[in-house]
$ cat my_file.txt   # compact mmCIF, N, CA and C atoms
# COMPACT_ATOMS: atom_id res chain seq x y z
N MET A 27 -11.27 -13.73 18.03
CA MET A 27 -9.89 -13.52 17.63
C MET A 27 -9.61 -12.02 17.60
N ASP A 28 -8.50 -11.65 18.18
CA ASP A 28 -8.06 -10.25 18.21
C ASP A 28 -7.54 -9.85 16.83
N ILE A 29 -7.73 -8.58 16.47
CA ILE A 29 -7.25 -8.08 15.17
C ILE A 29 -5.75 -8.31 15.03
N LYS A 30 -4.99 -8.10 16.08
CA LYS A 30 -3.54 -8.27 16.02
C LYS A 30 -3.16 -9.70 15.65
N ASP A 31 -4.00 -10.66 15.98
CA ASP A 31 -3.75 -12.06 15.62
C ASP A 31 -3.95 -12.30 14.13
N ARG A 32 -4.63 -11.39 13.46
CA ARG A 32 -4.90 -11.54 12.03
C ARG A 32 -3.90 -10.79 11.14
N LEU A 33 -2.99 -10.03 11.74
CA LEU A 33 -2.01 -9.29 10.95
C LEU A 33 -1.02 -10.26 10.32
N LEU A 34 -0.73 -10.03 9.04
CA LEU A 34 0.15 -10.94 8.30
C LEU A 34 1.61 -10.76 8.69
N TYR A 35 2.02 -9.56 9.00
CA TYR A 35 3.42 -9.27 9.38
C TYR A 35 3.38 -8.44 10.66
N PRO A 36 3.06 -9.06 11.79
CA PRO A 36 2.81 -8.27 13.01
C PRO A 36 4.01 -7.49 13.52
N GLN A 37 5.22 -7.94 13.28
CA GLN A 37 6.41 -7.27 13.80
C GLN A 37 7.08 -6.34 12.79
N LEU A 38 6.50 -6.21 11.62
CA LEU A 38 7.11 -5.43 10.55
C LEU A 38 7.17 -3.94 10.91
N ASP A 39 8.35 -3.35 10.73
CA ASP A 39 8.51 -1.91 10.91
C ASP A 39 8.10 -1.22 9.62
N MET A 40 6.97 -0.57 9.65
CA MET A 40 6.42 0.06 8.45
C MET A 40 6.73 1.55 8.50
N SER A 41 7.90 1.90 7.99
CA SER A 41 8.38 3.27 8.13
C SER A 41 7.72 4.26 7.18
N HIS A 42 7.21 3.79 6.04
CA HIS A 42 6.56 4.74 5.13
C HIS A 42 5.11 4.93 5.56
N ARG A 43 4.76 6.20 5.83
CA ARG A 43 3.40 6.51 6.29
C ARG A 43 2.85 7.70 5.51
N LEU A 44 1.59 7.60 5.14
CA LEU A 44 0.93 8.68 4.42
C LEU A 44 -0.43 8.95 5.07
N ARG A 45 -0.61 10.16 5.54
CA ARG A 45 -1.89 10.56 6.14
C ARG A 45 -2.92 10.69 5.02
N ILE A 46 -4.12 10.18 5.25
CA ILE A 46 -5.18 10.18 4.25
C ILE A 46 -6.20 11.26 4.56
N GLN A 47 -6.54 12.03 3.54
CA GLN A 47 -7.62 13.01 3.67
C GLN A 47 -8.91 12.32 3.27
N ILE A 48 -9.87 12.25 4.18
CA ILE A 48 -11.15 11.61 3.90
C ILE A 48 -12.03 12.60 3.13
N ARG A 49 -12.58 12.12 2.03
CA ARG A 49 -13.46 12.95 1.19
C ARG A 49 -14.92 12.59 1.46
N PHE A 50 -15.81 13.44 1.06
CA PHE A 50 -17.25 13.23 1.25
C PHE A 50 -17.70 11.91 0.63
N THR A 51 -17.14 11.57 -0.53
CA THR A 51 -17.55 10.35 -1.23
C THR A 51 -16.93 9.08 -0.65
N ASP A 52 -16.06 9.20 0.36
CA ASP A 52 -15.42 8.03 0.95
C ASP A 52 -16.28 7.32 1.98
N TYR A 53 -17.32 7.95 2.46
CA TYR A 53 -18.11 7.33 3.52
C TYR A 53 -19.60 7.28 3.17
N ASP A 54 -20.30 6.37 3.86
CA ASP A 54 -21.73 6.17 3.62
C ASP A 54 -22.56 6.97 4.63
N THR A 55 -23.87 6.77 4.61
CA THR A 55 -24.76 7.53 5.49
C THR A 55 -24.57 7.20 6.96
N PHE A 56 -23.92 6.08 7.26
CA PHE A 56 -23.63 5.71 8.65
C PHE A 56 -22.28 6.29 9.11
N GLY A 57 -21.56 6.95 8.18
CA GLY A 57 -20.26 7.50 8.50
C GLY A 57 -19.12 6.52 8.38
N HIS A 58 -19.42 5.30 7.90
CA HIS A 58 -18.37 4.29 7.70
C HIS A 58 -17.66 4.52 6.37
N ILE A 59 -16.35 4.31 6.36
CA ILE A 59 -15.59 4.41 5.12
C ILE A 59 -15.99 3.24 4.23
N ASN A 60 -16.30 3.55 2.97
CA ASN A 60 -16.70 2.54 2.00
C ASN A 60 -15.52 1.65 1.63
N ASN A 61 -15.76 0.35 1.48
CA ASN A 61 -14.69 -0.59 1.14
C ASN A 61 -13.96 -0.21 -0.14
N ASN A 62 -14.65 0.36 -1.11
CA ASN A 62 -14.00 0.78 -2.36
C ASN A 62 -12.96 1.87 -2.11
N SER A 63 -13.21 2.73 -1.13
CA SER A 63 -12.27 3.81 -0.82
C SER A 63 -10.95 3.27 -0.31
N TYR A 64 -10.98 2.14 0.38
CA TYR A 64 -9.75 1.55 0.88
C TYR A 64 -8.77 1.27 -0.27
N MET A 65 -9.29 0.83 -1.39
CA MET A 65 -8.42 0.53 -2.54
C MET A 65 -7.72 1.81 -3.01
N SER A 66 -8.45 2.92 -3.03
CA SER A 66 -7.84 4.20 -3.39
C SER A 66 -6.79 4.60 -2.37
N PHE A 67 -7.07 4.38 -1.10
CA PHE A 67 -6.10 4.71 -0.05
C PHE A 67 -4.82 3.89 -0.22
N PHE A 68 -4.98 2.58 -0.49
CA PHE A 68 -3.81 1.74 -0.70
C PHE A 68 -3.01 2.21 -1.91
N ASP A 69 -3.70 2.60 -2.98
CA ASP A 69 -3.01 3.11 -4.17
C ASP A 69 -2.25 4.40 -3.87
N LEU A 70 -2.87 5.30 -3.11
CA LEU A 70 -2.18 6.54 -2.73
C LEU A 70 -0.92 6.22 -1.94
N GLY A 71 -1.02 5.25 -1.04
CA GLY A 71 0.14 4.85 -0.26
C GLY A 71 1.25 4.30 -1.12
N LYS A 72 0.90 3.44 -2.08
CA LYS A 72 1.92 2.89 -3.00
C LYS A 72 2.54 4.00 -3.84
N SER A 73 1.72 4.89 -4.37
CA SER A 73 2.24 5.98 -5.22
C SER A 73 3.22 6.85 -4.45
N ASP A 74 2.85 7.22 -3.23
CA ASP A 74 3.72 8.07 -2.43
C ASP A 74 5.00 7.33 -2.04
N PHE A 75 4.88 6.06 -1.70
CA PHE A 75 6.04 5.24 -1.36
C PHE A 75 7.01 5.15 -2.53
N PHE A 76 6.49 4.86 -3.74
CA PHE A 76 7.35 4.74 -4.92
C PHE A 76 7.99 6.08 -5.29
N HIS A 77 7.22 7.16 -5.14
CA HIS A 77 7.78 8.48 -5.44
C HIS A 77 8.93 8.79 -4.48
N GLU A 78 8.72 8.49 -3.20
CA GLU A 78 9.78 8.72 -2.21
C GLU A 78 10.99 7.84 -2.50
N LEU A 79 10.75 6.61 -2.91
CA LEU A 79 11.83 5.65 -3.17
C LEU A 79 12.63 6.00 -4.43
N THR A 80 11.92 6.44 -5.48
CA THR A 80 12.58 6.62 -6.78
C THR A 80 12.63 8.07 -7.25
N HIS A 81 11.90 8.96 -6.60
CA HIS A 81 11.78 10.35 -7.05
C HIS A 81 11.25 10.41 -8.48
N HIS A 82 10.37 9.49 -8.80
CA HIS A 82 9.79 9.37 -10.13
C HIS A 82 8.42 10.03 -10.14
N ASP A 83 8.04 10.64 -11.27
CA ASP A 83 6.80 11.39 -11.35
C ASP A 83 5.56 10.55 -11.69
N GLY A 84 5.72 9.25 -11.89
CA GLY A 84 4.58 8.39 -12.16
C GLY A 84 4.23 8.21 -13.62
N LEU A 85 4.92 8.92 -14.52
CA LEU A 85 4.66 8.76 -15.94
C LEU A 85 5.39 7.54 -16.48
N PRO A 86 4.88 6.89 -17.55
CA PRO A 86 5.55 5.72 -18.10
C PRO A 86 6.99 6.03 -18.51
N SER A 87 7.89 5.18 -18.12
CA SER A 87 9.31 5.34 -18.45
C SER A 87 10.00 4.04 -18.08
N ASP A 88 11.27 4.15 -17.68
CA ASP A 88 12.00 2.96 -17.24
C ASP A 88 11.37 2.37 -15.99
N PHE A 89 10.73 3.21 -15.18
CA PHE A 89 10.05 2.73 -13.98
C PHE A 89 8.60 2.44 -14.34
N SER A 90 8.33 1.21 -14.72
CA SER A 90 6.97 0.81 -15.03
C SER A 90 6.69 -0.52 -14.38
N VAL A 91 5.65 -0.54 -13.58
CA VAL A 91 5.20 -1.77 -12.94
C VAL A 91 3.69 -1.86 -13.08
N ALA A 92 3.20 -3.07 -13.00
CA ALA A 92 1.76 -3.30 -13.06
C ALA A 92 1.36 -4.15 -11.86
N ILE A 93 0.23 -3.85 -11.29
CA ILE A 93 -0.30 -4.67 -10.20
C ILE A 93 -0.85 -5.95 -10.82
N VAL A 94 -0.40 -7.08 -10.32
CA VAL A 94 -0.87 -8.36 -10.85
C VAL A 94 -1.75 -9.12 -9.85
N ASN A 95 -1.71 -8.71 -8.56
CA ASN A 95 -2.57 -9.36 -7.57
C ASN A 95 -2.69 -8.45 -6.35
N ILE A 96 -3.91 -8.38 -5.81
CA ILE A 96 -4.14 -7.65 -4.55
C ILE A 96 -5.08 -8.50 -3.70
N ASN A 97 -4.72 -8.64 -2.43
CA ASN A 97 -5.60 -9.29 -1.45
C ASN A 97 -5.78 -8.32 -0.29
N VAL A 98 -7.04 -8.10 0.09
CA VAL A 98 -7.36 -7.15 1.15
C VAL A 98 -8.15 -7.86 2.24
N ASP A 99 -7.77 -7.59 3.50
CA ASP A 99 -8.54 -8.02 4.65
C ASP A 99 -9.10 -6.77 5.32
N PHE A 100 -10.42 -6.70 5.42
CA PHE A 100 -11.07 -5.60 6.13
C PHE A 100 -11.23 -6.07 7.58
N LEU A 101 -10.54 -5.43 8.50
CA LEU A 101 -10.46 -5.93 9.87
C LEU A 101 -11.47 -5.29 10.82
N CYS A 102 -11.72 -4.00 10.66
CA CYS A 102 -12.76 -3.34 11.44
C CYS A 102 -13.13 -2.03 10.75
N PRO A 103 -14.33 -1.53 11.00
CA PRO A 103 -14.77 -0.33 10.28
C PRO A 103 -13.97 0.91 10.68
N ALA A 104 -13.82 1.78 9.72
CA ALA A 104 -13.27 3.11 9.95
C ALA A 104 -14.40 4.10 9.72
N VAL A 105 -14.37 5.19 10.48
CA VAL A 105 -15.41 6.20 10.33
C VAL A 105 -14.79 7.51 9.85
N ALA A 106 -15.63 8.33 9.25
CA ALA A 106 -15.16 9.55 8.60
C ALA A 106 -14.49 10.52 9.55
N SER A 107 -14.82 10.48 10.82
CA SER A 107 -14.29 11.46 11.77
C SER A 107 -12.93 11.09 12.35
N GLU A 108 -12.42 9.90 12.04
CA GLU A 108 -11.14 9.51 12.64
C GLU A 108 -9.98 9.70 11.68
N PRO A 109 -8.79 9.95 12.21
CA PRO A 109 -7.62 10.08 11.33
C PRO A 109 -7.21 8.71 10.80
N LEU A 110 -6.73 8.68 9.57
CA LEU A 110 -6.25 7.44 8.98
C LEU A 110 -4.94 7.68 8.25
N GLU A 111 -4.10 6.68 8.26
CA GLU A 111 -2.89 6.73 7.44
C GLU A 111 -2.64 5.37 6.84
N VAL A 112 -1.95 5.38 5.70
CA VAL A 112 -1.54 4.15 5.04
C VAL A 112 -0.08 3.94 5.35
N ARG A 113 0.24 2.74 5.81
CA ARG A 113 1.62 2.36 6.08
C ARG A 113 2.01 1.30 5.06
N SER A 114 3.18 1.45 4.48
CA SER A 114 3.60 0.58 3.38
C SER A 114 5.01 0.08 3.60
N SER A 115 5.23 -1.17 3.17
CA SER A 115 6.57 -1.75 3.24
C SER A 115 6.72 -2.84 2.19
N VAL A 116 7.90 -2.94 1.62
CA VAL A 116 8.21 -4.04 0.71
C VAL A 116 8.57 -5.25 1.56
N VAL A 117 7.99 -6.41 1.24
CA VAL A 117 8.28 -7.62 2.02
C VAL A 117 8.97 -8.71 1.22
N LYS A 118 9.00 -8.56 -0.12
CA LYS A 118 9.64 -9.58 -0.96
C LYS A 118 10.04 -8.94 -2.28
N VAL A 119 11.23 -9.31 -2.78
CA VAL A 119 11.71 -8.80 -4.06
C VAL A 119 12.26 -9.96 -4.87
N GLY A 120 11.77 -10.09 -6.11
CA GLY A 120 12.27 -11.09 -7.04
C GLY A 120 12.88 -10.40 -8.26
N ASP A 121 13.18 -11.19 -9.28
CA ASP A 121 13.76 -10.62 -10.50
C ASP A 121 12.73 -9.86 -11.33
N ARG A 122 11.47 -10.34 -11.31
CA ARG A 122 10.44 -9.75 -12.16
C ARG A 122 9.29 -9.12 -11.38
N SER A 123 9.24 -9.38 -10.08
CA SER A 123 8.11 -8.87 -9.29
C SER A 123 8.55 -8.60 -7.85
N PHE A 124 7.68 -7.92 -7.13
CA PHE A 124 7.91 -7.64 -5.71
C PHE A 124 6.57 -7.54 -5.02
N THR A 125 6.60 -7.67 -3.69
CA THR A 125 5.39 -7.68 -2.89
C THR A 125 5.42 -6.54 -1.89
N VAL A 126 4.31 -5.80 -1.85
CA VAL A 126 4.15 -4.69 -0.92
C VAL A 126 3.04 -5.05 0.07
N TYR A 127 3.34 -4.87 1.35
CA TYR A 127 2.36 -5.08 2.41
C TYR A 127 1.96 -3.70 2.93
N GLN A 128 0.64 -3.50 3.13
CA GLN A 128 0.15 -2.20 3.60
C GLN A 128 -0.92 -2.39 4.67
N ARG A 129 -1.00 -1.38 5.50
CA ARG A 129 -2.07 -1.31 6.50
C ARG A 129 -2.69 0.07 6.47
N ILE A 130 -3.98 0.13 6.73
CA ILE A 130 -4.65 1.39 7.00
C ILE A 130 -4.89 1.41 8.51
N VAL A 131 -4.36 2.46 9.15
CA VAL A 131 -4.30 2.51 10.61
C VAL A 131 -4.81 3.85 11.11
N ASN A 132 -5.49 3.82 12.25
CA ASN A 132 -5.76 5.06 12.96
C ASN A 132 -4.49 5.36 13.76
N PRO A 133 -3.75 6.42 13.43
CA PRO A 133 -2.47 6.67 14.09
C PRO A 133 -2.60 7.07 15.56
N ASP A 134 -3.78 7.52 15.97
CA ASP A 134 -3.98 7.90 17.38
C ASP A 134 -4.16 6.69 18.28
N THR A 135 -4.85 5.66 17.76
CA THR A 135 -5.15 4.46 18.56
C THR A 135 -4.32 3.25 18.16
N GLU A 136 -3.66 3.33 16.98
CA GLU A 136 -2.90 2.22 16.39
C GLU A 136 -3.81 1.05 15.99
N GLN A 137 -5.12 1.28 15.93
CA GLN A 137 -6.03 0.23 15.49
C GLN A 137 -5.91 0.06 13.98
N VAL A 138 -5.69 -1.18 13.55
CA VAL A 138 -5.56 -1.49 12.13
C VAL A 138 -6.96 -1.72 11.56
N LYS A 139 -7.29 -0.97 10.52
CA LYS A 139 -8.61 -1.06 9.90
C LYS A 139 -8.64 -2.07 8.76
N ALA A 140 -7.54 -2.15 8.00
CA ALA A 140 -7.47 -3.06 6.86
C ALA A 140 -6.00 -3.32 6.56
N GLN A 141 -5.75 -4.45 5.89
CA GLN A 141 -4.39 -4.76 5.44
C GLN A 141 -4.49 -5.29 4.01
N ALA A 142 -3.44 -5.07 3.25
CA ALA A 142 -3.42 -5.51 1.86
C ALA A 142 -2.03 -6.02 1.50
N VAL A 143 -2.03 -7.02 0.63
CA VAL A 143 -0.79 -7.52 0.05
C VAL A 143 -0.94 -7.36 -1.46
N SER A 144 -0.02 -6.62 -2.07
CA SER A 144 -0.05 -6.39 -3.51
C SER A 144 1.22 -6.94 -4.14
N VAL A 145 1.05 -7.67 -5.23
CA VAL A 145 2.19 -8.14 -6.01
C VAL A 145 2.23 -7.27 -7.27
N LEU A 146 3.39 -6.67 -7.51
CA LEU A 146 3.60 -5.83 -8.68
C LEU A 146 4.72 -6.43 -9.51
N ALA A 147 4.58 -6.35 -10.81
CA ALA A 147 5.58 -6.92 -11.72
C ALA A 147 6.09 -5.85 -12.67
N GLY A 148 7.33 -6.05 -13.13
CA GLY A 148 7.89 -5.17 -14.13
C GLY A 148 7.04 -5.21 -15.39
N PHE A 149 6.96 -4.06 -16.07
CA PHE A 149 6.10 -3.96 -17.25
C PHE A 149 6.77 -3.05 -18.27
N ASP A 150 6.87 -3.53 -19.50
CA ASP A 150 7.44 -2.75 -20.60
C ASP A 150 6.31 -2.06 -21.33
N VAL A 151 6.26 -0.74 -21.23
CA VAL A 151 5.17 0.04 -21.83
C VAL A 151 5.15 -0.10 -23.35
N LYS A 152 6.33 -0.16 -23.97
CA LYS A 152 6.40 -0.25 -25.43
C LYS A 152 5.85 -1.57 -25.96
N THR A 153 6.20 -2.67 -25.33
CA THR A 153 5.76 -3.99 -25.82
C THR A 153 4.47 -4.45 -25.17
N GLN A 154 4.07 -3.75 -24.10
CA GLN A 154 2.87 -4.13 -23.34
C GLN A 154 3.00 -5.55 -22.78
N GLN A 155 4.21 -5.89 -22.37
CA GLN A 155 4.51 -7.22 -21.81
C GLN A 155 5.22 -7.07 -20.47
N GLY A 156 5.20 -8.15 -19.71
CA GLY A 156 5.96 -8.19 -18.48
C GLY A 156 7.45 -8.10 -18.79
N SER A 157 8.22 -7.58 -17.83
CA SER A 157 9.66 -7.46 -18.02
C SER A 157 10.35 -7.57 -16.67
N PRO A 158 11.63 -7.88 -16.67
CA PRO A 158 12.38 -7.91 -15.41
C PRO A 158 12.44 -6.51 -14.79
N LEU A 159 12.55 -6.46 -13.48
CA LEU A 159 12.77 -5.19 -12.80
C LEU A 159 14.20 -4.74 -13.07
N SER A 160 14.41 -3.45 -13.20
CA SER A 160 15.78 -2.97 -13.40
C SER A 160 16.59 -3.24 -12.14
N GLU A 161 17.87 -3.44 -12.31
CA GLU A 161 18.75 -3.71 -11.17
C GLU A 161 18.74 -2.55 -10.18
N ALA A 162 18.73 -1.32 -10.71
CA ALA A 162 18.73 -0.14 -9.84
C ALA A 162 17.45 -0.09 -8.99
N PHE A 163 16.31 -0.41 -9.60
CA PHE A 163 15.05 -0.39 -8.87
C PHE A 163 15.02 -1.53 -7.84
N ARG A 164 15.49 -2.71 -8.24
CA ARG A 164 15.56 -3.84 -7.31
C ARG A 164 16.40 -3.46 -6.08
N GLU A 165 17.53 -2.81 -6.31
CA GLU A 165 18.40 -2.41 -5.21
C GLU A 165 17.69 -1.46 -4.26
N LYS A 166 16.90 -0.52 -4.81
CA LYS A 166 16.15 0.41 -3.97
C LYS A 166 15.08 -0.32 -3.16
N LEU A 167 14.42 -1.28 -3.80
CA LEU A 167 13.40 -2.06 -3.09
C LEU A 167 14.02 -2.84 -1.94
N VAL A 168 15.12 -3.51 -2.22
CA VAL A 168 15.79 -4.31 -1.18
C VAL A 168 16.28 -3.39 -0.06
N ALA A 169 16.86 -2.25 -0.41
CA ALA A 169 17.35 -1.31 0.61
C ALA A 169 16.20 -0.82 1.49
N SER A 170 15.01 -0.64 0.91
CA SER A 170 13.87 -0.16 1.70
C SER A 170 13.44 -1.19 2.73
N MET A 171 13.72 -2.46 2.47
CA MET A 171 13.35 -3.52 3.40
C MET A 171 14.22 -3.50 4.66
N LYS A 172 15.39 -2.93 4.55
CA LYS A 172 16.34 -2.90 5.67
C LYS A 172 16.16 -1.67 6.54
N GLY A 173 15.18 -0.85 6.15
CA GLY A 173 14.90 0.33 6.96
C GLY A 173 15.75 1.46 6.56
$ encode --input "my_file.txt" --output "structure tokens"
Amino acid sequence: MDIKDRLLYPQLDMSHRLRIQIRFTDYDTFGHINNNSYMSFFDLGKSDFFHELTHHDGLPSDFSVAIVNINVDFLCPAVASEPLEVRSSVVKVGDRSFTVYQRIVNPDTEQVKAQAVSVLAGFDVKTQQGSPLSEAFREKLVASMKG
């Protein structure tokens, strides 16, 4: 089976892109990127995407969400010497949660190394409970889906 056949959203226009700087601790003695590093890459992509979307500094405030589920498919190895970027897009928005789809891609070859689907939910820092997403944030999420 070809990697492209395993992509969850093969036609999705993933306009948000973040180039990843590979660190010494990201790869093993064979030069392969460690699976744990992919999770950090996906988090960097989400953080940069949300900052661009909301111009928020990441500190607890009205913009608070919590990751409630992540699923990752490792499609082929990445090596320390190749360029990598995280591509992110919102694929679903509800009243209390939304879904982000991401890929780690070599931008020179367009080979997809891994893909992830993350579900994030509104979170009230004061009560430490789930909460609805603000209407303003929902609108930004929906607008990002339209390109």
$ select_by_dssp --input "my_file.txt" --residues "chain A" --states "alpha helix (DSSP H)" --output "VMD selection string"
chain A and resid 61 to 80 161 to 171
$ select_by_dssp --input "my_file.txt" --residues "range 47-95 of chain A" --states "strand (DSSP E or B)" --output "PDB file with N, CA and C atoms, in the coordinates of the input"
ATOM      1  N   TYR A  53     -17.320   7.950   2.460  1.00  0.00           N
ATOM      2  CA  TYR A  53     -18.110   7.330   3.520  1.00  0.00           C
ATOM      3  C   TYR A  53     -19.600   7.280   3.170  1.00  0.00           C
ATOM      4  N   HIS A  58     -19.420   5.300   7.900  1.00  0.00           N
ATOM      5  CA  HIS A  58     -18.370   4.290   7.700  1.00  0.00           C
ATOM      6  C   HIS A  58     -17.660   4.520   6.370  1.00  0.00           C
ATOM      7  N   ILE A  59     -16.350   4.310   6.360  1.00  0.00           N
ATOM      8  CA  ILE A  59     -15.590   4.410   5.120  1.00  0.00           C
ATOM      9  C   ILE A  59     -15.990   3.240   4.230  1.00  0.00           C
ATOM     10  N   VAL A  91       5.650  -0.540 -13.580  1.00  0.00           N
ATOM     11  CA  VAL A  91       5.200  -1.770 -12.940  1.00  0.00           C
ATOM     12  C   VAL A  91       3.690  -1.860 -13.080  1.00  0.00           C
ATOM     13  N   ALA A  92       3.200  -3.070 -13.000  1.00  0.00           N
ATOM     14  CA  ALA A  92       1.760  -3.300 -13.060  1.00  0.00           C
ATOM     15  C   ALA A  92       1.360  -4.150 -11.860  1.00  0.00           C
ATOM     16  N   ILE A  93       0.230  -3.850 -11.290  1.00  0.00           N
ATOM     17  CA  ILE A  93      -0.300  -4.670 -10.200  1.00  0.00           C
ATOM     18  C   ILE A  93      -0.850  -5.950 -10.820  1.00  0.00           C
ATOM     19  N   VAL A  94      -0.400  -7.080 -10.320  1.00  0.00           N
ATOM     20  CA  VAL A  94      -0.870  -8.360 -10.850  1.00  0.00           C
ATOM     21  C   VAL A  94      -1.750  -9.120  -9.850  1.00  0.00           C
ATOM     22  N   ASN A  95      -1.710  -8.710  -8.560  1.00  0.00           N
ATOM     23  CA  ASN A  95      -2.570  -9.360  -7.570  1.00  0.00           C
ATOM     24  C   ASN A  95      -2.690  -8.450  -6.350  1.00  0.00           C
TER      25      ASN A  95
END
$ residues_around --input "my_file.txt" --residues "Thr51 in chain A" --least-positions-apart "4" --cutoff "12 Å" --atoms "only C-alpha atoms" --output "MDAnalysis selection string"
chainID A and resid 47 55 57:64 66 106
$ residues_around --input "my_file.txt" --residues "Val131 in chain A" --least-positions-apart "5" --cutoff "6 Å" --atoms "only C-alpha atoms" --output "list in words"
Leu110, Glu111, Glu136, Gln137, Val138 and Lys139 of chain A
$ residues_around --input "my_file.txt" --residues "Leu167 in chain A" --least-positions-apart "3" --cutoff "8 Å" --atoms "only N, CA and C atoms" --output "list in words"
Leu79, Val116, Val117, Lys118, Val119, Glu161, Ala162, Phe163, Arg164, Ser170, Met171 and Lys172 of chain A
$ write_last_selection --input "my_file.txt" --atoms "N, CA and C atoms" --output "mmCIF file, in the frame of the given file"
data_model
loop_
_atom_site.group_PDB
_atom_site.id
_atom_site.type_symbol
_atom_site.label_atom_id
_atom_site.label_comp_id
_atom_site.auth_asym_id
_atom_site.auth_seq_id
_atom_site.Cartn_x
_atom_site.Cartn_y
_atom_site.Cartn_z
ATOM 1 N N LEU A 79 10.750 6.610 -2.910
ATOM 2 C CA LEU A 79 11.830 5.650 -3.170
ATOM 3 C C LEU A 79 12.630 6.000 -4.430
ATOM 4 N N VAL A 116 7.900 -2.940 1.620
ATOM 5 C CA VAL A 116 8.210 -4.040 0.710
ATOM 6 C C VAL A 116 8.570 -5.250 1.560
ATOM 7 N N VAL A 117 7.990 -6.410 1.240
ATOM 8 C CA VAL A 117 8.280 -7.620 2.020
ATOM 9 C C VAL A 117 8.970 -8.710 1.220
ATOM 10 N N LYS A 118 9.000 -8.560 -0.120
ATOM 11 C CA LYS A 118 9.640 -9.580 -0.960
ATOM 12 C C LYS A 118 10.040 -8.940 -2.280
ATOM 13 N N VAL A 119 11.230 -9.310 -2.780
ATOM 14 C CA VAL A 119 11.710 -8.800 -4.060
ATOM 15 C C VAL A 119 12.260 -9.960 -4.870
ATOM 16 N N GLU A 161 17.870 -3.440 -12.310
ATOM 17 C CA GLU A 161 18.750 -3.710 -11.170
ATOM 18 C C GLU A 161 18.740 -2.550 -10.180
ATOM 19 N N ALA A 162 18.730 -1.320 -10.710
ATOM 20 C CA ALA A 162 18.730 -0.140 -9.840
ATOM 21 C C ALA A 162 17.450 -0.090 -8.990
ATOM 22 N N PHE A 163 16.310 -0.410 -9.600
ATOM 23 C CA PHE A 163 15.050 -0.390 -8.870
ATOM 24 C C PHE A 163 15.020 -1.530 -7.840
ATOM 25 N N ARG A 164 15.490 -2.710 -8.240
ATOM 26 C CA ARG A 164 15.560 -3.840 -7.310
ATOM 27 C C ARG A 164 16.400 -3.460 -6.080
ATOM 28 N N SER A 170 15.010 -0.640 0.910
ATOM 29 C CA SER A 170 13.870 -0.160 1.700
ATOM 30 C C SER A 170 13.440 -1.190 2.730
ATOM 31 N N MET A 171 13.720 -2.460 2.470
ATOM 32 C CA MET A 171 13.350 -3.520 3.400
ATOM 33 C C MET A 171 14.220 -3.500 4.660
ATOM 34 N N LYS A 172 15.390 -2.930 4.550
ATOM 35 C CA LYS A 172 16.340 -2.900 5.670
ATOM 36 C C LYS A 172 16.160 -1.670 6.540
#
$ atom_distance --input "my_file.txt" --atom1 "CA of Val91 in chain A" --atom2 "CA of Gly120 in chain A"
13.1 Å
$ axis_aligned_box --input "my_file.txt" --around "range 46-59 of chain A" --padding-each-side "5 Å" --output "JSON"
{"center_x": -14.4, "center_y": 8.3, "center_z": 3.9, "size_x": 30.6, "size_y": 20.2, "size_z": 20.3}
$ atom_distance --input "my_file.txt" --atom1 "atom N of Val126 in chain A" --atom2 "CA of Arg49 in chain A"
26.0 Å
$ residues_around --input "my_file.txt" --residues "Ser144 in chain A" --least-positions-apart "3" --cutoff "8 Å" --atoms "all atoms listed in the file" --output "list in words"
Ile93, Val94, Asn95, Ile96, Asn97, Val98, Phe124, Thr125, Val126, Tyr127, Gln128, Gln141 and Ala147 of chain A
$ residues_around --input "my_file.txt" --residues "range 67-72 of chain A" --least-positions-apart "5" --cutoff "9 Å" --atoms "only C-alpha atoms" --output "JSON, numbers by chain"
{"A": [42, 43, 44, 45, 46, 77, 111, 112, 113, 114, 126, 128, 129, 130, 141, 142]}
$ atom_distance --input "my_file.txt" --atom1 "atom N of Arg122 in chain A" --atom2 "atom C of Pro158 in chain A"
5.3 Å
$ closest_residue --input "my_file.txt" --among "A:Asp121, A:Asp39, A:Asp31, A:Asp54" --to "Leu146 in chain A" --atoms "only C-alpha atoms"
A:Asp121
$ closest_residue --input "my_file.txt" --among "A:Phe75, A:Gly156, A:Ile29, A:Pro36" --to "Pro103 in chain A" --atoms "only C-alpha atoms"
A:Ile29
$ decode --input "my_file.txt" --residues "range 97-110 of chain A" --atoms "C-alpha atoms" --output "compact mmCIF listing (two decimals), in the first residue's frame"
# COMPACT_ATOMS: atom_id res chain seq x y z
CA ASN A 97 -3.91 9.38 17.24
CA VAL A 98 -0.65 9.16 15.30
CA ASP A 99 0.27 7.10 12.25
CA PHE A 100 3.99 6.74 11.61
CA LEU A 101 4.17 6.27 7.85
CA CYS A 102 7.89 6.17 7.06
CA PRO A 103 11.13 7.07 8.83
CA ALA A 104 12.54 10.55 8.84
CA VAL A 105 16.26 11.13 9.18
CA ALA A 106 18.14 13.94 10.87
CA SER A 107 19.63 15.29 7.65
CA GLU A 108 16.34 15.98 5.86
CA PRO A 109 14.14 19.08 6.15
CA LEU A 110 10.83 18.63 7.94
